[in-house]
file protein_11.cif (mmCIF, C-alpha atoms)
data_query
loop_
_atom_site.group_PDB
_atom_site.id
_atom_site.type_symbol
_atom_site.label_atom_id
_atom_site.label_comp_id
_atom_site.auth_asym_id
_atom_site.auth_seq_id
_atom_site.Cartn_x
_atom_site.Cartn_y
_atom_site.Cartn_z
ATOM 1 C CA MET N 1 14.876 -17.459 18.398
ATOM 2 C CA GLY N 2 14.016 -15.220 15.465
ATOM 3 C CA TRP N 3 11.193 -13.302 17.108
ATOM 4 C CA ASP N 4 13.631 -12.253 19.828
ATOM 5 C CA LEU N 5 15.432 -10.130 17.224
ATOM 6 C CA ILE N 6 12.344 -7.963 16.822
ATOM 7 C CA ILE N 7 12.293 -4.946 19.121
ATOM 8 C CA GLY N 8 8.965 -4.471 20.864
ATOM 9 C CA GLN N 9 5.832 -4.796 18.694
ATOM 10 C CA ARG N 10 4.236 -7.381 20.975
ATOM 11 C CA ARG N 11 0.766 -6.856 19.536
ATOM 12 C CA ALA N 12 1.893 -7.162 15.899
ATOM 13 C CA LYS N 13 3.866 -10.322 16.689
ATOM 14 C CA GLN N 14 0.896 -11.848 18.518
ATOM 15 C CA THR N 15 -1.360 -11.107 15.537
ATOM 16 C CA ILE N 16 1.028 -12.877 13.159
ATOM 17 C CA GLU N 17 1.549 -15.807 15.535
ATOM 18 C CA ARG N 18 -2.234 -16.220 15.687
ATOM 19 C CA PHE N 19 -2.416 -16.353 11.877
ATOM 20 C CA LEU N 20 0.287 -19.016 11.872
ATOM 21 C CA SER N 21 -1.180 -21.133 14.683
ATOM 22 C CA GLN N 22 -4.579 -21.153 12.970
ATOM 23 C CA ASN N 23 -2.988 -21.789 9.567
ATOM 24 C CA ARG N 24 -4.917 -18.824 8.226
ATOM 25 C CA LEU N 25 -2.222 -16.471 6.988
ATOM 26 C CA PRO N 26 -3.793 -13.909 4.616
ATOM 27 C CA HIS N 27 -2.385 -13.914 1.084
ATOM 28 C CA ALA N 28 -1.664 -10.167 1.364
ATOM 29 C CA LEU N 29 -0.560 -8.265 4.471
ATOM 30 C CA LEU N 30 0.014 -4.551 4.960
ATOM 31 C CA PHE N 31 2.372 -3.614 7.781
ATOM 32 C CA TYR N 32 1.990 0.089 8.563
ATOM 33 C CA GLY N 33 3.307 2.367 11.260
ATOM 34 C CA PRO N 34 6.067 4.827 12.155
ATOM 35 C CA GLU N 35 9.398 4.845 10.366
ATOM 36 C CA GLY N 36 12.001 2.637 12.032
ATOM 37 C CA SER N 37 9.479 0.635 14.059
ATOM 38 C CA GLY N 38 10.469 -2.744 12.600
ATOM 39 C CA LYS N 39 7.981 -3.428 9.800
ATOM 40 C CA ASP N 40 10.614 -4.754 7.389
ATOM 41 C CA ALA N 41 12.223 -6.788 10.159
ATOM 42 C CA VAL N 42 8.942 -8.512 11.029
ATOM 43 C CA ALA N 43 8.140 -9.124 7.359
ATOM 44 C CA ILE N 44 11.501 -10.831 6.819
ATOM 45 C CA GLN N 45 11.158 -12.850 10.021
ATOM 46 C CA LEU N 46 7.698 -14.047 8.929
ATOM 47 C CA ALA N 47 9.121 -15.090 5.554
ATOM 48 C CA LYS N 48 11.887 -16.939 7.378
ATOM 49 C CA ILE N 49 9.391 -18.837 9.550
ATOM 50 C CA LEU N 50 7.356 -19.847 6.498
ATOM 51 C CA ASN N 51 10.465 -21.410 4.974
ATOM 52 C CA CYS N 52 12.191 -22.799 8.067
ATOM 53 C CA SER N 53 12.745 -26.574 7.920
ATOM 54 C CA SER N 54 11.591 -26.972 11.534
ATOM 55 C CA VAL N 55 8.047 -25.793 10.742
ATOM 56 C CA HIS N 56 7.245 -24.124 14.060
ATOM 57 C CA SER N 57 5.801 -20.749 15.105
ATOM 58 C CA ASP N 58 9.348 -19.381 15.124
ATOM 59 C CA SER N 59 12.465 -19.938 13.042
ATOM 60 C CA CYS N 60 15.121 -22.388 14.271
ATOM 61 C CA ASP N 61 17.927 -20.125 12.967
ATOM 62 C CA LYS N 62 20.055 -23.233 12.387
ATOM 63 C CA CYS N 63 18.811 -24.958 9.238
ATOM 64 C CA SER N 64 20.180 -24.138 5.789
ATOM 65 C CA ASP N 65 16.973 -22.271 4.915
ATOM 66 C CA CYS N 66 17.315 -19.986 7.935
ATOM 67 C CA GLN N 67 20.964 -19.388 7.125
ATOM 68 C CA LYS N 68 20.046 -18.317 3.596
ATOM 69 C CA PHE N 69 17.451 -15.941 5.041
ATOM 70 C CA ASP N 70 20.067 -14.468 7.366
ATOM 71 C CA LEU N 71 21.894 -13.374 4.199
ATOM 72 C CA LEU N 72 18.616 -12.384 2.467
ATOM 73 C CA GLN N 73 19.641 -14.827 -0.260
ATOM 74 C CA HIS N 74 16.910 -17.459 -0.025
ATOM 75 C CA PRO N 75 15.344 -18.212 -3.435
ATOM 76 C CA ASN N 76 11.814 -18.026 -1.972
ATOM 77 C CA LEU N 77 12.419 -14.463 -0.746
ATOM 78 C CA ASN N 78 11.827 -11.540 -3.091
ATOM 79 C CA LEU N 79 12.512 -7.992 -1.905
ATOM 80 C CA VAL N 80 10.971 -5.111 -3.834
ATOM 81 C CA PHE N 81 12.180 -1.551 -3.193
ATOM 82 C CA PRO N 82 12.876 1.658 -5.145
ATOM 83 C CA LEU N 83 15.424 1.226 -7.933
ATOM 84 C CA PRO N 84 16.960 3.676 -10.399
ATOM 85 C CA VAL N 85 15.747 3.627 -13.983
ATOM 86 C CA GLY N 86 18.392 2.086 -16.226
ATOM 87 C CA LYS N 87 19.655 3.628 -19.458
ATOM 88 C CA ASN N 88 17.174 2.971 -22.296
ATOM 89 C CA GLU N 89 15.091 0.853 -19.939
ATOM 90 C CA SER N 90 11.735 -0.246 -21.349
ATOM 91 C CA SER N 91 8.638 -1.666 -19.695
ATOM 92 C CA ASP N 92 9.584 -5.110 -21.028
ATOM 93 C CA ASP N 93 12.932 -5.187 -19.230
ATOM 94 C CA SER N 94 13.484 -6.747 -15.833
ATOM 95 C CA PRO N 95 13.881 -4.135 -13.066
ATOM 96 C CA ILE N 96 17.672 -4.589 -12.901
ATOM 97 C CA GLU N 97 18.440 -5.513 -16.513
ATOM 98 C CA LYS N 98 19.526 -2.047 -17.616
ATOM 99 C CA LEU N 99 21.228 -0.934 -14.417
ATOM 100 C CA SER N 100 24.917 -0.093 -14.598
ATOM 101 C CA ALA N 101 27.577 -2.177 -12.878
ATOM 102 C CA ASP N 102 27.925 0.510 -10.198
ATOM 103 C CA GLU N 103 24.172 0.564 -9.598
ATOM 104 C CA LEU N 104 24.019 -3.225 -9.336
ATOM 105 C CA SER N 105 26.905 -3.119 -6.882
ATOM 106 C CA ALA N 106 25.047 -0.515 -4.819
ATOM 107 C CA VAL N 107 21.932 -2.708 -4.758
ATOM 108 C CA GLN N 108 23.919 -5.709 -3.533
ATOM 109 C CA SER N 109 25.696 -3.601 -0.917
ATOM 110 C CA GLU N 110 22.404 -2.271 0.445
ATOM 111 C CA ILE N 111 20.964 -5.773 0.655
ATOM 112 C CA GLY N 112 24.112 -6.787 2.521
ATOM 113 C CA PHE N 113 23.619 -3.943 4.997
ATOM 114 C CA LYS N 114 19.978 -4.971 5.408
ATOM 115 C CA SER N 115 20.965 -8.575 6.166
ATOM 116 C CA LYS N 116 23.235 -7.392 8.975
ATOM 117 C CA ASN N 117 20.668 -4.958 10.349
ATOM 118 C CA LEU N 118 17.027 -5.568 9.446
ATOM 119 C CA TYR N 119 16.244 -2.001 10.552
ATOM 120 C CA HIS N 120 18.523 -0.581 7.859
ATOM 121 C CA ASN N 121 16.763 1.582 5.271
ATOM 122 C CA ILE N 122 17.758 0.668 1.706
ATOM 123 C CA ILE N 123 18.722 3.851 -0.134
ATOM 124 C CA ILE N 124 20.161 3.892 -3.654
ATOM 125 C CA ASP N 125 21.084 6.963 -5.712
ATOM 126 C CA ARG N 126 18.405 8.006 -8.223
ATOM 127 C CA ALA N 127 15.977 5.450 -6.790
ATOM 128 C CA ASN N 128 12.894 7.470 -5.943
ATOM 129 C CA ILE N 129 10.054 5.160 -6.940
ATOM 130 C CA ILE N 130 9.094 1.502 -7.081
ATOM 131 C CA LYS N 131 8.975 0.859 -10.801
ATOM 132 C CA ILE N 132 6.205 -0.926 -12.662
ATOM 133 C CA THR N 133 8.842 -3.346 -13.947
ATOM 134 C CA SER N 134 9.460 -4.434 -10.341
ATOM 135 C CA ILE N 135 5.772 -5.163 -9.835
ATOM 136 C CA ARG N 136 5.462 -6.978 -13.143
ATOM 137 C CA ASP N 137 8.473 -9.047 -12.143
ATOM 138 C CA ILE N 138 6.404 -10.416 -9.261
ATOM 139 C CA ARG N 139 4.149 -12.219 -11.736
ATOM 140 C CA ARG N 140 7.126 -13.584 -13.641
ATOM 141 C CA LYS N 141 8.768 -14.951 -10.496
ATOM 142 C CA SER N 142 5.503 -16.474 -9.305
ATOM 143 C CA SER N 143 5.474 -18.687 -12.395
ATOM 144 C CA LEU N 144 8.800 -20.233 -11.407
ATOM 145 C CA SER N 145 8.995 -23.401 -9.338
ATOM 146 C CA LEU N 146 9.400 -23.016 -5.607
ATOM 147 C CA TYR N 147 12.727 -23.839 -4.029
ATOM 148 C CA GLU N 148 12.160 -27.369 -2.671
ATOM 149 C CA ARG N 149 9.634 -26.495 0.030
ATOM 150 C CA GLY N 150 8.223 -23.554 1.926
ATOM 151 C CA LYS N 151 6.424 -20.547 0.533
ATOM 152 C CA ARG N 152 7.397 -17.745 -1.788
ATOM 153 C CA VAL N 153 7.262 -14.414 0.039
ATOM 154 C CA ILE N 154 7.337 -11.078 -1.767
ATOM 155 C CA ILE N 155 8.031 -8.061 0.444
ATOM 156 C CA ILE N 156 7.353 -4.628 -1.029
ATOM 157 C CA MET N 157 9.237 -2.216 1.217
ATOM 158 C CA SER N 158 8.279 1.484 1.304
ATOM 159 C CA ALA N 159 5.171 0.556 -0.674
ATOM 160 C CA GLU N 160 4.026 4.178 -0.686
ATOM 161 C CA LYS N 161 6.746 4.840 -3.259
ATOM 162 C CA MET N 162 4.949 2.927 -5.982
ATOM 163 C CA ASN N 163 4.001 5.224 -8.854
ATOM 164 C CA GLU N 164 0.515 5.111 -10.354
ATOM 165 C CA GLU N 165 1.389 2.469 -12.946
ATOM 166 C CA ALA N 166 3.028 0.230 -10.371
ATOM 167 C CA SER N 167 0.079 0.635 -7.993
ATOM 168 C CA ASN N 168 -2.405 -0.366 -10.667
ATOM 169 C CA ALA N 169 -0.273 -3.361 -11.636
ATOM 170 C CA LEU N 170 -0.114 -4.468 -8.005
ATOM 171 C CA LEU N 171 -3.875 -4.110 -7.707
ATOM 172 C CA LYS N 172 -4.323 -6.684 -10.459
ATOM 173 C CA THR N 173 -2.022 -9.047 -8.589
ATOM 174 C CA LEU N 174 -4.005 -8.586 -5.373
ATOM 175 C CA GLU N 175 -7.237 -9.324 -7.200
ATOM 176 C CA GLU N 176 -5.777 -12.605 -8.484
ATOM 177 C CA PRO N 177 -3.754 -14.080 -5.577
ATOM 178 C CA LEU N 178 -0.580 -15.882 -6.586
ATOM 179 C CA GLN N 179 -0.330 -19.603 -5.846
ATOM 180 C CA ASN N 180 1.658 -20.529 -2.734
ATOM 181 C CA THR N 181 2.806 -16.919 -2.417
ATOM 182 C CA SER N 182 2.464 -14.402 0.404
ATOM 183 C CA LEU N 183 2.638 -10.706 -0.370
ATOM 184 C CA ILE N 184 3.704 -8.283 2.367
ATOM 185 C CA LEU N 185 3.656 -4.507 1.950
ATOM 186 C CA THR N 186 5.390 -2.242 4.462
ATOM 187 C CA THR N 187 4.791 1.490 4.685
ATOM 188 C CA SER N 188 5.223 4.487 6.954
ATOM 189 C CA ASN N 189 2.534 6.367 5.007
ATOM 190 C CA LYS N 190 -0.521 4.166 4.573
ATOM 191 C CA ASP N 191 -2.665 7.019 3.294
ATOM 192 C CA ALA N 192 -0.419 7.376 0.232
ATOM 193 C CA LEU N 193 -1.551 3.952 -0.999
ATOM 194 C CA LEU N 194 -4.600 3.401 -3.185
ATOM 195 C CA PRO N 195 -7.670 2.672 -1.025
ATOM 196 C CA THR N 196 -8.339 -0.354 -3.226
ATOM 197 C CA ILE N 197 -4.907 -1.768 -2.360
ATOM 198 C CA ILE N 198 -5.483 -1.209 1.355
ATOM 199 C CA SER N 199 -8.894 -2.886 1.203
ATOM 200 C CA ARG N 200 -7.390 -6.058 -0.290
ATOM 201 C CA CYS N 201 -4.774 -6.486 2.433
ATOM 202 C CA GLN N 202 -4.959 -7.618 6.027
ATOM 203 C CA LEU N 203 -3.717 -4.626 8.017
ATOM 204 C CA VAL N 204 -1.249 -5.005 10.873
ATOM 205 C CA ARG N 205 -0.442 -1.813 12.761
ATOM 206 C CA PHE N 206 2.990 -1.158 14.246
ATOM 207 C CA ASP N 207 3.541 1.128 17.214
ATOM 208 C CA GLU N 208 6.241 3.673 17.846
ATOM 209 C CA LEU N 209 9.021 2.081 19.887
ATOM 210 C CA THR N 210 9.369 3.235 23.470
ATOM 211 C CA GLU N 211 12.507 4.881 24.818
ATOM 212 C CA ALA N 212 13.086 1.861 27.056
ATOM 213 C CA GLU N 213 12.854 -0.563 24.123
ATOM 214 C CA ILE N 214 15.336 1.472 22.082
ATOM 215 C CA LYS N 215 17.685 1.930 25.040
ATOM 216 C CA ASN N 216 17.773 -1.789 25.836
ATOM 217 C CA ALA N 217 18.304 -2.729 22.185
ATOM 218 C CA LEU N 218 21.207 -0.295 21.844
ATOM 219 C CA GLN N 219 22.902 -1.730 24.919
ATOM 220 C CA GLU N 220 22.355 -5.372 23.977
ATOM 221 C CA ARG N 221 22.969 -5.188 20.219
ATOM 222 C CA GLU N 222 25.327 -2.275 19.700
ATOM 223 C CA ASN N 223 27.232 -2.338 23.008
ATOM 224 C CA VAL N 224 26.310 1.290 23.632
ATOM 225 C CA ASP N 225 26.946 2.355 27.225
ATOM 226 C CA GLU N 226 23.868 3.091 29.322
ATOM 227 C CA GLN N 227 24.221 6.876 29.477
ATOM 228 C CA GLN N 228 24.672 7.230 25.732
ATOM 229 C CA ALA N 229 21.825 4.778 25.111
ATOM 230 C CA ILE N 230 19.524 6.919 27.251
ATOM 231 C CA ILE N 231 20.412 10.042 25.270
ATOM 232 C CA ILE N 232 19.999 8.339 21.892
ATOM 233 C CA SER N 233 16.680 6.748 22.845
ATOM 234 C CA ARG N 234 15.299 10.190 23.712
ATOM 235 C CA LEU N 235 16.459 11.704 20.431
ATOM 236 C CA ALA N 236 15.320 8.792 18.246
ATOM 237 C CA ASN N 237 11.607 9.680 18.332
ATOM 238 C CA GLY N 238 10.526 6.049 18.518
ATOM 239 C CA SER N 239 12.685 4.909 15.578
ATOM 240 C CA TYR N 240 15.402 2.318 16.051
ATOM 241 C CA ARG N 241 16.677 3.159 12.590
ATOM 242 C CA ARG N 242 17.181 6.744 13.704
ATOM 243 C CA ALA N 243 18.834 5.524 16.908
ATOM 244 C CA ILE N 244 21.407 3.553 14.899
ATOM 245 C CA GLU N 245 22.179 6.644 12.834
ATOM 246 C CA LEU N 246 22.826 8.634 16.019
ATOM 247 C CA ILE N 247 25.488 6.261 17.316
ATOM 248 C CA GLY N 248 28.944 7.748 16.955
ATOM 249 C CA PRO N 249 31.284 10.499 18.138
ATOM 250 C CA GLU N 250 29.082 13.175 16.570
ATOM 251 C CA LEU N 251 26.361 12.407 19.132
ATOM 252 C CA ASN N 252 27.911 14.573 21.839
ATOM 253 C CA SER N 253 28.133 17.546 19.517
ATOM 254 C CA LYS N 254 24.480 17.051 18.501
ATOM 255 C CA ARG N 255 23.515 16.818 22.138
ATOM 256 C CA THR N 256 25.412 20.038 22.929
ATOM 257 C CA THR N 257 23.647 21.813 20.071
ATOM 258 C CA VAL N 258 20.237 20.687 21.339
ATOM 259 C CA VAL N 259 21.034 21.668 24.933
ATOM 260 C CA ASP N 260 22.310 25.102 23.846
ATOM 261 C CA LEU N 261 19.128 25.643 21.836
ATOM 262 C CA LEU N 262 16.933 24.708 24.789
ATOM 263 C CA VAL N 263 18.877 27.031 27.087
ATOM 264 C CA LYS N 264 18.397 29.910 24.657
ATOM 265 C CA ILE N 265 14.675 29.230 24.458
ATOM 266 C CA ILE N 266 14.292 28.930 28.209
ATOM 267 C CA THR N 267 16.207 32.165 28.826
ATOM 268 C CA LYS N 268 14.280 33.800 25.963
ATOM 269 C CA ASN N 269 17.466 34.698 24.121
ATOM 270 C CA THR N 270 15.661 34.015 20.891
ATOM 271 C CA HIS N 271 17.806 36.573 19.018
ATOM 272 C CA GLN N 272 20.666 34.082 19.338
ATOM 273 C CA ILE N 273 18.744 31.345 17.488
ATOM 274 C CA SER N 274 19.758 31.238 13.835
#

call {"tool": "encode", "arguments": {"input": "protein_11.cif", "output": "structure tokens"}}
result
Amino acid sequence: MGWDLIIGQRRAKQTIERFLSQNRLPHALLFYGPEGSGKDAVAIQLAKILNCSSVHSDSCDKCSDCQKFDLLQHPNLNLVFPLPVGKNESSDDSPIEKLSADELSAVQSEIGFKSKNLYHNIIIDRANIIKITSIRDIRRKSSLSLYERGKRVIIIMSAEKMNEEASNALLKTLEEPLQNTSLILTTSNKDALLPTIISRCQLVRFDELTEAEIKNALQERENVDEQQAIIISRLANGSYRRAIELIGPELNSKRTTVVDLLVKIITKNTHQIS
């Protein structure tokens, strides 16, 4: 089922399954660990489980709620990530209100890519920070009625990119938990977050993926042949996101460059290294 889509991370999954089985899911979770290790993927899968009509420890992947989550279009799911600042945008505007048509199209495209590959990193031009308007929008959305059943889940991806204002606004939200709402922060740089934010979240650590885990995932999900999967898994440095980026005809040329560099180092022809 849904958990099977998550690569590795046995310990993190067991921790979350324990929360669910004991019906003691913390109101705020902080998923931290290496880039590309699956923090966003697990956060979205948890949100899916909390809204699945089957109400089990895993998603059924068949009900209408699960199908909406597969498109990242479920009304109980709210994704927060860096956005560009719109023209003449004020602190009273919604985070997307003043974005141009092209910027809105880029946002939708990135969400589409994310729905097809939960390890995809959402990147939008001129989007360097998580804006305070995005954090304030959390409060506004929490006042709205839930979609039929389930639980509202707000996922703040790359949480370390919150600026000071956004961080302080989030702190207020953490101090006053939202009704029937779970807040999940994901970050590859936990130390960049305010200590007071960290202290108010239940921490779940993610490990670097092993070469074997990346290799198997590439073969099963991307139809990469075994030899290429072995090479990519060694170059990915524990990141499935990086592994995906390495797939393609340019891989052989990158591999040749790396091999040539190693040969030069081994033979001490360092004058050839530019």

call {"tool": "atom_distance", "arguments": {"input": "protein_11.cif", "atom1": "CA of Leu83 in chain N", "atom2": "CA of Ile129 in chain N"}}
result
6.7 Å

call {"tool": "closest_residue", "arguments": {"input": "protein_11.cif", "among": "N:Leu29, N:Leu5, N:Asp102, N:Gly238", "to": "Arg200 in chain N", "atoms": "all atoms listed in the file"}}
result
N:Leu29

call {"tool": "residues_around", "arguments": {"input": "protein_11.cif", "residues": "Ser182 in chain N", "least_positions_apart": "2", "cutoff": "8 Å", "atoms": "all atoms listed in the file", "output": "ChimeraX atom specification"}}
result
/N:26-29,151-154,178,180,184

call {"tool": "resolve_selection", "arguments": {"input": "protein_11.cif", "expression": "the PyMOL selection byres ((chain N and resi 38) around 12)", "output": "PyMOL selection string"}}
result
chain N and resi 3+5-10+12-13+31-37+39-45+117-121+157+186-188+205-209+213-214+238-242

call {"tool": "resolve_selection", "arguments": {"input": "protein_11.cif", "expression": "the PyMOL selection byres ((chain N and resi 94-97) around 10)", "output": "number ranges by chain"}}
result
N: 80, 82-87, 89-93, 98-100, 103-104, 107, 130-137, 140

call {"tool": "axis_aligned_box", "arguments": {"input": "protein_11.cif", "around": "range 134-143 of chain N", "padding_each_side": "4 Å", "output": "AutoDock Vina command-line options"}}
result
--center_x 6.8 --center_y -11.6 --center_z -11.5 --size_x 13.3 --size_y 22.3 --size_z 12.4

call {"tool": "closest_residue", "arguments": {"input": "protein_11.cif", "among": "N:Leu203, N:Gln179, N:Phe113, N:Ala159", "to": "Ser145 in chain N", "atoms": "all atoms listed in the file"}}
result
N:Gln179

call {"tool": "residues_near_point", "arguments": {"input": "protein_11.cif", "point": "(1.5, 5.9, 0.6)", "cutoff": "7 Å", "atoms": "only C-alpha atoms", "output": "JSON, numbers by chain"}}
result
{"N": [159, 160, 161, 187, 189, 190, 191, 192, 193]}

call {"tool": "atom_distance", "arguments": {"input": "protein_11.cif", "atom1": "CA of Asp4 in chain N", "atom2": "CA of Ile49 in chain N"}}
result
12.9 Å

call {"tool": "atom_distance", "arguments": {"input": "protein_11.cif", "atom1": "CA of Leu170 in chain N", "atom2": "CA of Pro75 in chain N"}}
result
21.2 Å

call {"tool": "resolve_selection", "arguments": {"input": "protein_11.cif", "expression": "the PyMOL selection byres ((chain N and resi 215) around 10)", "output": "NGL selection string"}}
result
:N and (210-214 or 216-220 or 224-234 or 236 or 240 or 243)

call {"tool": "closest_residue", "arguments": {"input": "protein_11.cif", "among": "N:Ser21, N:Gly2, N:Ala166, N:Thr15", "to": "Lys62 in chain N", "atoms": "only C-alpha atoms"}}
result
N:Gly2

call {"tool": "closest_residue", "arguments": {"input": "protein_11.cif", "among": "N:Asn168, N:Thr181, N:Asn163, N:Ser143", "to": "Asn51 in chain N", "atoms": "only C-alpha atoms"}}
result
N:Thr181

call {"tool": "closest_residue", "arguments": {"input": "protein_11.cif", "among": "N:Lys48, N:Arg126, N:Lys116, N:Lys141", "to": "Cys60 in chain N", "atoms": "all atoms listed in the file"}}
result
N:Lys48

call {"tool": "residues_around", "arguments": {"input": "protein_11.cif", "residues": "Leu50 in chain N", "least_positions_apart": "3", "cutoff": "8 Å", "atoms": "all atoms listed in the file", "output": "list of chain:residue names"}}
result
N:Leu46, N:Ala47, N:Val55, N:Gly150, N:Lys151

call {"tool": "residues_around", "arguments": {"input": "protein_11.cif", "residues": "Ser115 in chain N", "least_positions_apart": "3", "cutoff": "8 Å", "atoms": "only C-alpha atoms", "output": "list in words"}}
result
Asp70, Leu71, Leu72, Ile111, Gly112 and Leu118 of chain N

call {"tool": "closest_residue", "arguments": {"input": "protein_11.cif", "among": "N:Gln67, N:Ser57, N:Ser109, N:Asn223", "to": "Ile244 in chain N", "atoms": "only C-alpha atoms"}}
result
N:Asn223
